[in-house]
file input_10.tsv (TSV, C-alpha atoms)
chain	number	residue	atom	x	y	z
A	1	MET	CA	111.57	101.88	54.58
A	2	LYS	CA	113.03	98.52	55.62
A	3	THR	CA	116.62	98.79	56.80
A	4	THR	CA	119.23	96.13	56.04
A	5	LEU	CA	121.62	95.53	58.92
A	6	LYS	CA	125.24	94.50	58.67
A	7	SER	CA	126.37	91.53	60.75
A	8	SER	CA	127.77	93.65	63.59
A	9	GLU	CA	124.52	95.61	63.74
A	10	ASN	CA	122.61	92.49	64.68
A	11	ASN	CA	123.97	93.05	68.18
A	12	LEU	CA	121.88	96.11	68.94
A	13	PHE	CA	121.59	95.75	72.71
A	14	MET	CA	122.43	92.63	74.66
A	15	PRO	CA	122.28	91.14	78.15
A	16	ALA	CA	125.45	91.20	80.23
A	17	ASP	CA	126.95	89.30	83.14
A	18	ILE	CA	126.10	91.95	85.72
A	19	LEU	CA	128.01	92.40	88.97
A	20	LEU	CA	126.31	94.09	91.92
A	21	PRO	CA	127.54	94.61	95.48
A	22	LYS	CA	126.20	92.06	97.97
A	23	THR	CA	125.76	94.63	100.76
A	24	GLU	CA	125.41	98.39	101.36
A	25	PRO	CA	124.44	99.49	97.85
A	26	GLU	CA	123.81	102.98	99.21
A	27	LYS	CA	127.55	103.28	99.91
A	28	TRP	CA	128.55	101.54	96.70
A	29	ALA	CA	126.72	103.83	94.25
A	30	VAL	CA	128.34	107.21	93.49
A	31	ILE	CA	127.59	109.90	90.95
A	32	ALA	CA	129.25	110.19	87.52
A	33	CYS	CA	132.92	111.21	87.64
A	34	ASP	CA	132.39	114.31	85.48
A	35	GLN	CA	130.11	115.99	88.02
A	36	TYR	CA	131.13	118.60	90.61
A	37	THR	CA	134.49	119.10	88.90
A	38	SER	CA	134.99	122.49	90.60
A	39	GLU	CA	133.44	121.40	93.90
A	40	PRO	CA	135.77	118.84	95.50
A	41	GLU	CA	133.82	119.24	98.74
A	42	TYR	CA	131.08	117.09	97.18
A	43	TRP	CA	133.55	114.25	96.72
A	44	GLU	CA	135.00	114.78	100.20
A	45	LYS	CA	131.53	114.34	101.71
A	46	ALA	CA	131.08	111.19	99.62
A	47	ARG	CA	134.37	109.88	100.98
A	48	GLU	CA	133.28	110.59	104.56
A	49	TYR	CA	129.98	108.78	104.00
A	50	VAL	CA	131.55	105.73	102.34
A	51	GLY	CA	134.27	105.29	104.96
A	52	ASN	CA	135.93	101.89	104.64
A	53	SER	CA	132.99	100.21	102.91
A	54	PRO	CA	133.36	98.81	99.38
A	55	SER	CA	132.33	101.57	96.99
A	56	ALA	CA	132.43	102.52	93.32
A	57	LEU	CA	134.13	105.66	94.62
A	58	ASN	CA	137.27	103.56	94.93
A	59	ILE	CA	137.20	102.27	91.34
A	60	VAL	CA	136.39	105.49	89.44
A	61	PHE	CA	138.39	108.69	88.97
A	62	PRO	CA	136.45	111.88	89.83
A	63	GLU	CA	137.58	114.55	87.39
A	64	ALA	CA	137.86	117.02	90.25
A	65	TYR	CA	141.13	115.24	91.08
A	66	LEU	CA	142.68	114.91	87.63
A	67	SER	CA	146.23	116.24	87.42
A	68	ASP	CA	149.28	116.12	85.15
A	69	ASP	CA	150.33	112.76	86.63
A	70	ASN	CA	147.45	110.42	87.45
A	71	SER	CA	149.44	107.19	87.48
A	72	GLU	CA	149.43	106.64	91.25
A	73	ARG	CA	145.67	107.03	91.55
A	74	ILE	CA	145.02	104.82	88.50
A	75	ALA	CA	147.22	102.09	90.00
A	76	GLU	CA	145.23	102.35	93.23
A	77	ILE	CA	141.95	102.05	91.29
A	78	ASN	CA	143.18	98.91	89.52
A	79	ALA	CA	144.31	97.43	92.85
A	80	ASN	CA	140.89	98.11	94.36
A	81	MET	CA	139.17	96.39	91.43
A	82	LYS	CA	141.33	93.30	91.95
A	83	ARG	CA	140.66	93.35	95.69
A	84	TYR	CA	136.89	93.61	95.18
A	85	LEU	CA	136.81	90.80	92.62
A	86	GLU	CA	138.88	88.50	94.80
A	87	GLY	CA	137.21	89.53	98.05
A	88	GLY	CA	133.68	88.40	97.29
A	89	VAL	CA	132.21	91.91	97.13
A	90	PHE	CA	129.97	91.11	94.15
A	91	LYS	CA	127.12	88.81	93.25
A	92	GLU	CA	127.00	87.98	89.54
A	93	TYR	CA	123.80	87.88	87.49
A	94	LYS	CA	124.47	86.02	84.25
A	95	ASN	CA	123.02	87.09	80.91
A	96	THR	CA	120.91	89.89	82.39
A	97	LEU	CA	119.23	93.09	81.29
A	98	VAL	CA	118.46	95.39	84.23
A	99	TYR	CA	115.33	97.52	84.20
A	100	THR	CA	115.86	100.67	86.30
A	101	GLU	CA	113.50	103.19	87.87
A	102	ARG	CA	115.26	106.32	89.12
A	103	THR	CA	113.30	108.89	91.15
A	104	VAL	CA	114.85	112.26	90.31
A	105	THR	CA	114.47	115.87	91.46
A	106	GLY	CA	110.79	116.76	91.66
A	107	GLY	CA	109.69	113.18	92.21
A	108	LYS	CA	109.42	112.02	88.59
A	109	VAL	CA	110.67	108.56	87.64
A	110	ARG	CA	113.22	108.01	84.86
A	111	ARG	CA	113.08	104.52	83.36
A	112	GLY	CA	115.94	102.77	81.62
A	113	ILE	CA	117.55	99.44	80.79
A	114	VAL	CA	121.17	98.49	81.47
A	115	GLY	CA	122.87	96.18	78.97
A	116	LEU	CA	125.69	95.84	76.44
A	117	ILE	CA	126.29	97.61	73.16
A	118	ASP	CA	128.69	96.51	70.43
A	119	LEU	CA	131.33	99.22	69.92
A	120	GLU	CA	131.52	98.22	66.25
A	121	ASN	CA	128.18	100.05	65.99
A	122	TYR	CA	129.49	103.29	67.54
A	123	SER	CA	131.57	106.19	66.31
A	124	TYR	CA	132.33	109.56	67.83
A	125	GLU	CA	133.35	111.07	64.48
A	126	LYS	CA	131.29	114.16	63.71
A	127	GLN	CA	129.60	112.97	60.50
A	128	SER	CA	129.32	109.26	61.29
A	129	ASP	CA	126.39	107.14	60.09
A	130	THR	CA	126.61	104.39	62.71
A	131	LEU	CA	123.75	103.08	64.85
A	132	ILE	CA	125.23	104.83	67.89
A	133	ARG	CA	126.49	108.41	67.54
A	134	ALA	CA	128.03	111.09	69.69
A	135	THR	CA	125.88	114.12	70.45
A	136	GLU	CA	128.73	116.47	71.26
A	137	GLU	CA	132.13	117.27	69.84
A	138	THR	CA	134.70	114.88	71.23
A	139	VAL	CA	137.77	116.67	72.54
A	140	ALA	CA	140.79	114.59	71.57
A	141	ALA	CA	142.82	115.87	74.52
A	142	ARG	CA	140.26	114.48	76.97
A	143	ILE	CA	140.43	110.91	75.70
A	144	PRO	CA	143.99	109.75	76.61
A	145	VAL	CA	143.53	110.04	80.39
A	146	ARG	CA	140.29	108.06	80.15
A	147	VAL	CA	142.06	105.44	78.06
A	148	GLU	CA	144.76	105.23	80.73
A	149	ILE	CA	142.08	104.67	83.37
A	150	ARG	CA	140.28	101.97	81.36
A	151	LYS	CA	142.97	100.08	79.46
A	152	ASP	CA	144.19	97.93	82.38
A	153	ALA	CA	140.95	97.95	84.36
A	154	LEU	CA	139.47	94.65	85.50
A	155	LEU	CA	135.99	96.12	85.89
A	156	GLU	CA	133.71	98.37	83.91
A	157	ALA	CA	131.35	100.62	85.87
A	158	PRO	CA	129.51	102.88	83.43
A	159	HIS	CA	127.86	106.26	83.70
A	160	VAL	CA	127.08	106.25	79.95
A	161	MET	CA	123.44	106.90	79.08
A	162	LEU	CA	122.19	106.39	75.52
A	163	LEU	CA	118.97	107.94	74.24
A	164	THR	CA	116.43	106.33	71.95
A	165	ASP	CA	113.93	108.29	69.87
A	166	ASP	CA	110.80	106.27	70.67
A	167	PRO	CA	107.82	108.66	70.66
A	168	GLU	CA	105.32	105.78	70.80
A	169	ASN	CA	106.95	104.37	73.97
A	170	THR	CA	107.38	100.86	72.60
A	171	VAL	CA	110.65	99.70	74.18
A	172	ILE	CA	111.12	100.80	77.80
A	173	GLU	CA	107.82	102.22	79.04
A	174	PRO	CA	105.80	98.94	78.72
A	175	LEU	CA	108.09	97.36	81.33
A	176	ALA	CA	106.58	99.45	84.14
A	177	ALA	CA	103.40	97.36	83.97
A	178	LYS	CA	105.28	94.05	84.15
A	179	THR	CA	107.49	94.51	87.21
A	180	ASP	CA	105.78	91.68	89.08
A	181	ARG	CA	107.48	89.34	86.57
A	182	PHE	CA	110.99	90.64	87.29
A	183	SER	CA	113.46	89.79	90.08
A	184	LEU	CA	114.28	92.73	92.36
A	185	LEU	CA	118.03	93.44	92.42
A	186	TYR	CA	118.20	96.65	94.45
A	187	ASP	CA	115.95	99.33	95.95
A	188	PHE	CA	117.53	102.15	97.96
A	189	ASP	CA	118.16	105.89	98.39
A	190	LEU	CA	121.21	107.36	96.65
A	191	MET	CA	123.68	109.50	98.59
A	192	GLN	CA	123.76	113.31	98.68
A	193	ASN	CA	120.33	114.19	97.25
A	194	GLY	CA	120.63	111.61	94.46
A	195	GLY	CA	117.03	110.46	94.81
A	196	HIS	CA	115.96	106.82	94.82
A	197	ILE	CA	116.75	103.91	92.52
A	198	ARG	CA	115.22	100.50	91.96
A	199	GLY	CA	116.56	97.81	89.63
A	200	MET	CA	115.07	94.54	88.40
A	201	ALA	CA	116.34	91.69	86.23
A	202	LEU	CA	114.22	91.18	83.11
A	203	ASP	CA	112.99	87.67	82.45
A	204	GLY	CA	114.08	86.05	79.19
A	205	GLU	CA	110.80	86.62	77.37
A	206	THR	CA	110.72	90.32	78.19
A	207	ALA	CA	114.40	90.75	77.26
A	208	ALA	CA	113.63	89.25	73.85
A	209	GLU	CA	110.71	91.69	73.45
A	210	VAL	CA	113.01	94.63	74.20
A	211	GLN	CA	115.45	93.51	71.53
A	212	LYS	CA	112.66	92.92	68.99
A	213	ASN	CA	111.19	96.38	69.61
A	214	LEU	CA	114.60	98.00	69.15
A	215	TYR	CA	114.84	96.33	65.74
A	216	LYS	CA	111.46	97.80	64.89
A	217	LEU	CA	112.79	101.30	65.67
A	218	ILE	CA	115.61	100.66	63.20
A	219	GLU	CA	113.17	99.51	60.55
A	220	LYS	CA	111.28	102.81	60.89
A	221	SER	CA	114.46	104.87	60.51
A	222	ASP	CA	115.80	106.14	57.20
A	223	ASP	CA	119.35	106.58	58.47
A	224	LYS	CA	119.74	103.86	61.13
A	225	LEU	CA	120.30	106.26	64.04
A	226	LEU	CA	119.20	104.16	67.01
A	227	PHE	CA	121.09	105.60	69.99
A	228	ALA	CA	122.41	109.13	70.61
A	229	VAL	CA	124.82	109.50	73.53
A	230	GLY	CA	123.06	111.49	76.23
A	231	ASP	CA	125.72	111.30	78.95
A	232	GLY	CA	129.26	109.95	78.95
A	233	ASN	CA	130.39	110.94	75.44
A	234	HIS	CA	134.08	110.93	76.34
A	235	SER	CA	133.90	107.79	78.46
A	236	LEU	CA	132.33	105.90	75.56
A	237	ALA	CA	134.94	107.35	73.19
A	238	ALA	CA	137.64	106.01	75.54
A	239	ALA	CA	136.01	102.57	75.46
A	240	LYS	CA	136.14	102.67	71.66
A	241	GLU	CA	139.83	103.62	71.70
A	242	CYS	CA	140.62	100.82	74.15
A	243	TYR	CA	138.88	98.40	71.80
A	244	ARG	CA	140.95	99.68	68.88
A	245	LEU	CA	144.13	99.19	70.90
A	246	ASN	CA	143.24	95.70	72.10
A	247	LYS	CA	140.52	93.95	70.10
A	248	THR	CA	139.26	91.27	72.45
A	249	GLU	CA	135.75	89.88	72.84
A	250	SER	CA	135.39	91.69	76.17
A	251	SER	CA	136.74	95.06	74.99
A	252	ARG	CA	134.40	95.02	71.99
A	253	TYR	CA	131.40	95.74	74.21
A	254	ALA	CA	130.43	98.47	76.65
A	255	LEU	CA	127.90	98.50	79.46
A	256	VAL	CA	125.40	101.37	79.18
A	257	GLU	CA	121.91	102.42	80.20
A	258	ILE	CA	119.36	103.22	77.50
A	259	VAL	CA	116.60	105.80	78.11
A	260	ASN	CA	113.85	107.11	75.86
A	261	ILE	CA	114.37	110.80	75.07
A	262	HIS	CA	110.58	111.14	75.37
A	263	ASP	CA	110.60	109.98	79.01
A	264	GLU	CA	108.60	112.63	80.91
A	265	SER	CA	111.21	112.88	83.65
A	266	LEU	CA	114.01	113.68	81.23
A	267	GLU	CA	114.67	117.40	81.07
A	268	PHE	CA	117.43	119.06	79.09
A	269	GLU	CA	119.31	121.86	80.78
A	270	PRO	CA	122.15	124.03	79.50
A	271	ILE	CA	125.70	123.46	80.62
A	272	TYR	CA	127.04	126.90	81.47
A	273	ARG	CA	130.56	128.26	81.11
A	274	VAL	CA	132.73	129.68	83.89
A	275	LEU	CA	136.13	131.28	83.21
A	276	PHE	CA	138.79	131.56	85.91
A	277	GLY	CA	141.69	134.05	85.94
A	278	VAL	CA	140.09	136.74	83.76
A	279	GLU	CA	139.10	140.39	83.86
A	280	PRO	CA	135.35	139.87	83.40
A	281	LYS	CA	134.48	143.20	81.77
A	282	LYS	CA	137.27	142.83	79.21
A	283	VAL	CA	136.09	139.35	78.25
A	284	ILE	CA	132.48	140.51	77.92
A	285	ASP	CA	133.46	143.51	75.81
A	286	GLY	CA	135.71	141.32	73.66
A	287	PHE	CA	132.91	138.82	73.05
A	288	VAL	CA	130.43	141.51	72.00
A	289	SER	CA	133.00	143.30	69.85
A	290	ALA	CA	134.05	140.10	68.08
A	291	LEU	CA	130.46	139.56	67.00
A	292	GLY	CA	130.05	143.08	65.62
A	293	GLY	CA	128.61	144.80	68.69
A	294	GLU	CA	125.31	144.36	70.46
A	295	TYR	CA	122.55	143.01	68.26
A	296	PHE	CA	118.79	142.99	68.89
A	297	GLY	CA	117.34	141.29	65.80
A	298	GLU	CA	114.71	138.56	66.03
A	299	ASP	CA	117.41	135.88	65.91
A	300	ALA	CA	119.53	137.52	68.63
A	301	GLN	CA	121.03	135.28	71.29
A	302	LYS	CA	121.14	136.56	74.87
A	303	PHE	CA	123.60	135.85	77.66
A	304	THR	CA	123.62	136.74	81.35
A	305	CYS	CA	127.16	137.49	82.49
A	306	VAL	CA	127.86	136.98	86.21
A	307	PHE	CA	130.93	138.22	88.09
A	308	GLY	CA	131.37	139.11	91.75
A	309	GLU	CA	128.08	140.65	92.88
A	310	ASN	CA	127.38	141.90	89.35
A	311	GLU	CA	125.17	140.68	86.54
A	312	CYS	CA	124.66	142.11	83.07
A	313	GLU	CA	122.83	140.96	79.96
A	314	ILE	CA	124.24	141.08	76.44
A	315	SER	CA	122.59	140.34	73.12
A	316	VAL	CA	124.62	139.24	70.08
A	317	LYS	CA	124.22	138.08	66.49
A	318	PRO	CA	124.41	134.28	66.23
A	319	THR	CA	127.40	132.50	64.73
A	320	ALA	CA	125.82	129.07	65.42
A	321	LYS	CA	122.34	127.63	65.65
A	322	LEU	CA	122.53	127.33	69.43
A	323	ALA	CA	123.59	130.05	71.88
A	324	VAL	CA	126.15	127.69	73.39
A	325	GLY	CA	127.69	127.26	69.94
A	326	THR	CA	128.04	131.01	69.42
A	327	LEU	CA	129.70	131.39	72.82
A	328	GLN	CA	131.96	128.37	72.39
A	329	ASN	CA	133.14	129.56	68.98
A	330	TYR	CA	134.41	132.71	70.65
A	331	LEU	CA	135.80	130.99	73.75
A	332	ASP	CA	137.79	128.44	71.72
A	333	LYS	CA	139.71	131.27	70.09
A	334	TYR	CA	139.98	133.27	73.32
A	335	LEU	CA	141.34	130.32	75.32
A	336	LYS	CA	143.88	129.53	72.63
A	337	GLU	CA	145.14	133.11	72.82
A	338	ASN	CA	145.05	133.12	76.65
A	339	PRO	CA	146.37	129.71	77.73
A	340	LYS	CA	146.55	130.65	81.43
A	341	VAL	CA	142.78	131.12	81.59
A	342	LYS	CA	140.86	128.09	82.85
A	343	ILE	CA	137.33	127.08	81.88
A	344	ASP	CA	134.83	124.79	83.53
A	345	TYR	CA	131.46	123.49	82.38
A	346	ILE	CA	128.88	123.91	85.11
A	347	HIS	CA	125.41	122.47	85.72
A	348	GLY	CA	122.98	124.76	87.51
A	349	ILE	CA	122.57	128.54	87.63
A	350	ASN	CA	123.17	128.71	91.38
A	351	ALA	CA	126.48	126.88	91.02
A	352	VAL	CA	127.57	129.38	88.35
A	353	ARG	CA	126.67	132.34	90.56
A	354	THR	CA	128.50	130.84	93.53
A	355	LEU	CA	131.68	130.19	91.55
A	356	ALA	CA	131.54	133.62	89.87
A	357	ARG	CA	131.68	135.43	93.21
A	358	VAL	CA	135.40	134.65	93.33
A	359	HIS	CA	137.66	137.47	92.12
A	360	ASN	CA	138.61	137.31	88.41
A	361	THR	CA	135.91	134.75	87.62
A	362	LEU	CA	133.19	135.12	84.99
A	363	GLY	CA	130.10	132.98	84.39
A	364	PHE	CA	127.91	132.85	81.27
A	365	ILE	CA	124.24	131.84	81.60
A	366	PHE	CA	122.09	131.24	78.49
A	367	ASP	CA	119.07	129.36	77.12
A	368	GLY	CA	119.55	125.71	76.30
A	369	MET	CA	118.50	123.31	73.57
A	370	LYS	CA	115.10	121.63	73.65
A	371	LYS	CA	115.33	117.86	73.82
A	372	SER	CA	113.01	117.55	70.82
A	373	GLU	CA	115.76	119.14	68.72
A	374	LEU	CA	118.50	116.62	69.54
A	375	PHE	CA	118.03	113.75	67.09
A	376	ASP	CA	117.34	116.06	64.15
A	377	ALA	CA	120.40	118.15	65.05
A	378	VAL	CA	122.62	115.05	65.17
A	379	ARG	CA	121.22	113.84	61.85
A	380	GLN	CA	121.72	117.22	60.22
A	381	ASP	CA	124.92	118.55	61.72
A	382	GLY	CA	126.58	115.58	63.38
A	383	SER	CA	127.87	116.10	66.90
A	384	LEU	CA	127.08	119.40	68.62
A	385	PRO	CA	129.50	121.74	70.43
A	386	ARG	CA	130.97	119.99	73.47
A	387	LYS	CA	129.02	120.32	76.69
A	388	THR	CA	125.92	121.60	74.91
A	389	PHE	CA	123.32	120.16	77.23
A	390	SER	CA	122.81	118.29	80.45
A	391	MET	CA	120.02	115.83	81.10
A	392	GLY	CA	118.51	117.14	84.32
A	393	HIS	CA	120.11	118.47	87.48
A	394	ALA	CA	123.61	117.46	88.51
A	395	ASP	CA	122.22	115.29	91.32
A	396	ASP	CA	120.09	113.39	88.78
A	397	LYS	CA	123.08	112.13	86.79
A	398	ARG	CA	123.60	108.42	86.50
A	399	PHE	CA	125.27	106.80	89.49
A	400	TYR	CA	127.83	104.03	89.11
A	401	LEU	CA	126.12	100.85	90.24
A	402	GLU	CA	126.15	97.88	87.82
A	403	CYS	CA	129.57	96.50	86.86
A	404	ARG	CA	130.95	93.79	84.59
A	405	LYS	CA	134.31	92.09	84.23
A	406	LEU	CA	136.61	93.28	81.46
call {"tool": "encode", "arguments": {"input": "input_10.tsv", "output": "structure tokens"}}
result
Amino acid sequence: MKTTLKSSENNLFMPADILLPKTEPEKWAVIACDQYTSEPEYWEKAREYVGNSPSALNIVFPEAYLSDDNSERIAEINANMKRYLEGGVFKEYKNTLVYTERTVTGGKVRRGIVGLIDLENYSYEKQSDTLIRATEETVAARIPVRVEIRKDALLEAPHVMLLTDDPENTVIEPLAAKTDRFSLLYDFDLMQNGGHIRGMALDGETAAEVQKNLYKLIEKSDDKLLFAVGDGNHSLAAAKECYRLNKTESSRYALVEIVNIHDESLEFEPIYRVLFGVEPKKVIDGFVSALGGEYFGEDAQKFTCVFGENECEISVKPTAKLAVGTLQNYLDKYLKENPKVKIDYIHGINAVRTLARVHNTLGFIFDGMKKSELFDAVRQDGSLPRKTFSMGHADDKRFYLECRKL
């Protein structure tokens, strides 16, 4: 089926004027702000390592430090952006697509391309039919603080990763055999077990091939779903809101990295739930009771509950297709009724167990979604429950590296 594109959809994925630090990229690049939200010691170690060097750490807002009043820190971030732009920290690469090779946990290489998307082609509404769609429920309360961080920013440094459904490996994978044609931009080890990253500027001919092959993916699609947001749902939603508030040529676009969901290095892992300030056994009993008691049918969903030195397994009747959906349906109601209880969304079983050792803390561990299910789930149901999946280990998340002027 041949797809007819609207005028805005002709801008599928475009080169950008990329800014990169001239020196010490290993101190510049830091992990996505929504990682290690309950482990501020990670960010403290990053601060110690960076020292007084220019770093993306000084122009992003780690969520571990969010509070009721973030104005002072946001003002400091904006001042740092101005200082870096005026102080000659960056080298600019005009009209560039960046091909990236990221060595992740286990030694596999994740390949991607950094460039611009047109926010006219993106919506985070649950049942949208745009080229770019959210994969998880967007929490309205989480957007305003991100808008506050972005709306007066002079720089954009993204951790957004968009997924393509390209089973024949036509867009990104062919670039690996052409790297001798590209200009090397960076090649270094990332801090704190982040692996290794290499980035190259695509030549004009190859950039045109990338764009042409993306159009071919659209032509094969019945519903024009080209990109599903893999990481950075709320950050991209904030970019969209900033564009709605101030429709300029610069705010219309967002810098992202695209990755093929079929990339062999890309593994989907669950994002677990940890509750703070609870009586664990009461919460567990309430969850089971709310779903009609323990259930052991073929469609049963199982959870490992961790608290203190204890672990127990429960089996319940599903209220959603995914186990995380069944749990979140219950927790949404529970948290509304118990506003003093805090929740965090944790990557990694060991991190859940460590956090759950603290008194009055409860962790839920469960099976996750297979990556092969994602695009069909988005097409069928729209966005999934928030924090449904994580792409790989926490240390494998995208690091802030490329920037552009806003």
call {"tool": "atom_distance", "arguments": {"input": "input_10.tsv", "atom1": "atom CA of A:Ile59", "atom2": "atom CA of A:Thr388"}}
result
27.8 Å
call {"tool": "closest_residue", "arguments": {"input": "input_10.tsv", "among": "A:Cys242, A:Leu185, A:Val324, A:Ile117", "to": "A:Val98", "atoms": "only C-alpha atoms"}}
result
A:Leu185
call {"tool": "atom_distance", "arguments": {"input": "input_10.tsv", "atom1": "atom CA of A:Phe303", "atom2": "atom CA of A:Ile365"}}
result
5.7 Å
call {"tool": "closest_residue", "arguments": {"input": "input_10.tsv", "among": "A:Cys403, A:Leu97, A:Ala64, A:Val274", "to": "A:Gly204", "atoms": "only C-alpha atoms"}}
result
A:Leu97
call {"tool": "residues_around", "arguments": {"input": "input_10.tsv", "residues": "stretch 331-343 of chain A", "least_positions_apart": "4", "cutoff": "6 Å", "atoms": "only C-alpha atoms", "output": "PDB file with C-alpha atoms, keeping the file's coordinate frame"}}
result
ATOM      1  CA  VAL A 274     132.730 129.680  83.890  1.00  0.00           C
ATOM      2  CA  LEU A 275     136.130 131.280  83.210  1.00  0.00           C
ATOM      3  CA  PHE A 276     138.790 131.560  85.910  1.00  0.00           C
ATOM      4  CA  GLY A 277     141.690 134.050  85.940  1.00  0.00           C
TER       5      GLY A 277
END
call {"tool": "atom_distance", "arguments": {"input": "input_10.tsv", "atom1": "atom CA of A:Pro144", "atom2": "atom CA of A:Asp68"}}
result
11.9 Å
call {"tool": "residues_around", "arguments": {"input": "input_10.tsv", "residues": "stretch 46-49 of chain A", "least_positions_apart": "5", "cutoff": "8 Å", "atoms": "all atoms listed in the file", "output": "PyMOL selection string"}}
result
chain A and resi 27+30+57+191-192
call {"tool": "residues_around", "arguments": {"input": "input_10.tsv", "residues": "A:Lys321", "least_positions_apart": "4", "cutoff": "12 Å", "atoms": "all atoms listed in the file", "output": "PyMOL selection string"}}
result
chain A and resi 299-301+317+325-329+368-369+373+377+380-381+384-385+388
call {"tool": "residues_around", "arguments": {"input": "input_10.tsv", "residues": "A:Ile74", "least_positions_apart": "6", "cutoff": "8 Å", "atoms": "only C-alpha atoms", "output": "list in words"}}
result
Phe61, Glu148 and Ile149 of chain A
call {"tool": "closest_residue", "arguments": {"input": "input_10.tsv", "among": "A:Val229, A:Leu406, A:Ala29, A:Met391", "to": "A:Phe188", "atoms": "only C-alpha atoms"}}
result
A:Ala29
call {"tool": "closest_residue", "arguments": {"input": "input_10.tsv", "among": "A:Lys216, A:Lys91, A:Arg252, A:Arg273", "to": "A:Pro21", "atoms": "only C-alpha atoms"}}
result
A:Lys91
call {"tool": "closest_residue", "arguments": {"input": "input_10.tsv", "among": "A:Thr100, A:Ser235, A:Thr130, A:Asn213", "to": "A:Val160", "atoms": "all atoms listed in the file"}}
result
A:Ser235
call {"tool": "residues_near_point", "arguments": {"input": "input_10.tsv", "point": "(125.6, 109.2, 76.9)", "cutoff": "12 Å", "atoms": "only C-alpha atoms", "output": "ChimeraX atom specification"}}
result
/A:32,122,124,132-136,158-164,227-237,254-261,387,389-391,397-398
call {"tool": "closest_residue", "arguments": {"input": "input_10.tsv", "among": "A:Asn193, A:His262, A:Asn52, A:Pro270", "to": "A:Pro167", "atoms": "all atoms listed in the file"}}
result
A:His262
call {"tool": "residues_near_point", "arguments": {"input": "input_10.tsv", "point": "(128.2, 139.1, 92.9)", "cutoff": "12 Å", "atoms": "only C-alpha atoms", "output": "MDAnalysis selection string"}}
result
chainID A and resid 280 305:312 350 352:363
call {"tool": "residues_around", "arguments": {"input": "input_10.tsv", "residues": "A:Arg111", "least_positions_apart": "2", "cutoff": "9 Å", "atoms": "all atoms listed in the file", "output": "PyMOL selection string"}}
result
chain A and resi 99-103+109+113+172-173+175-176+258-260+263+265
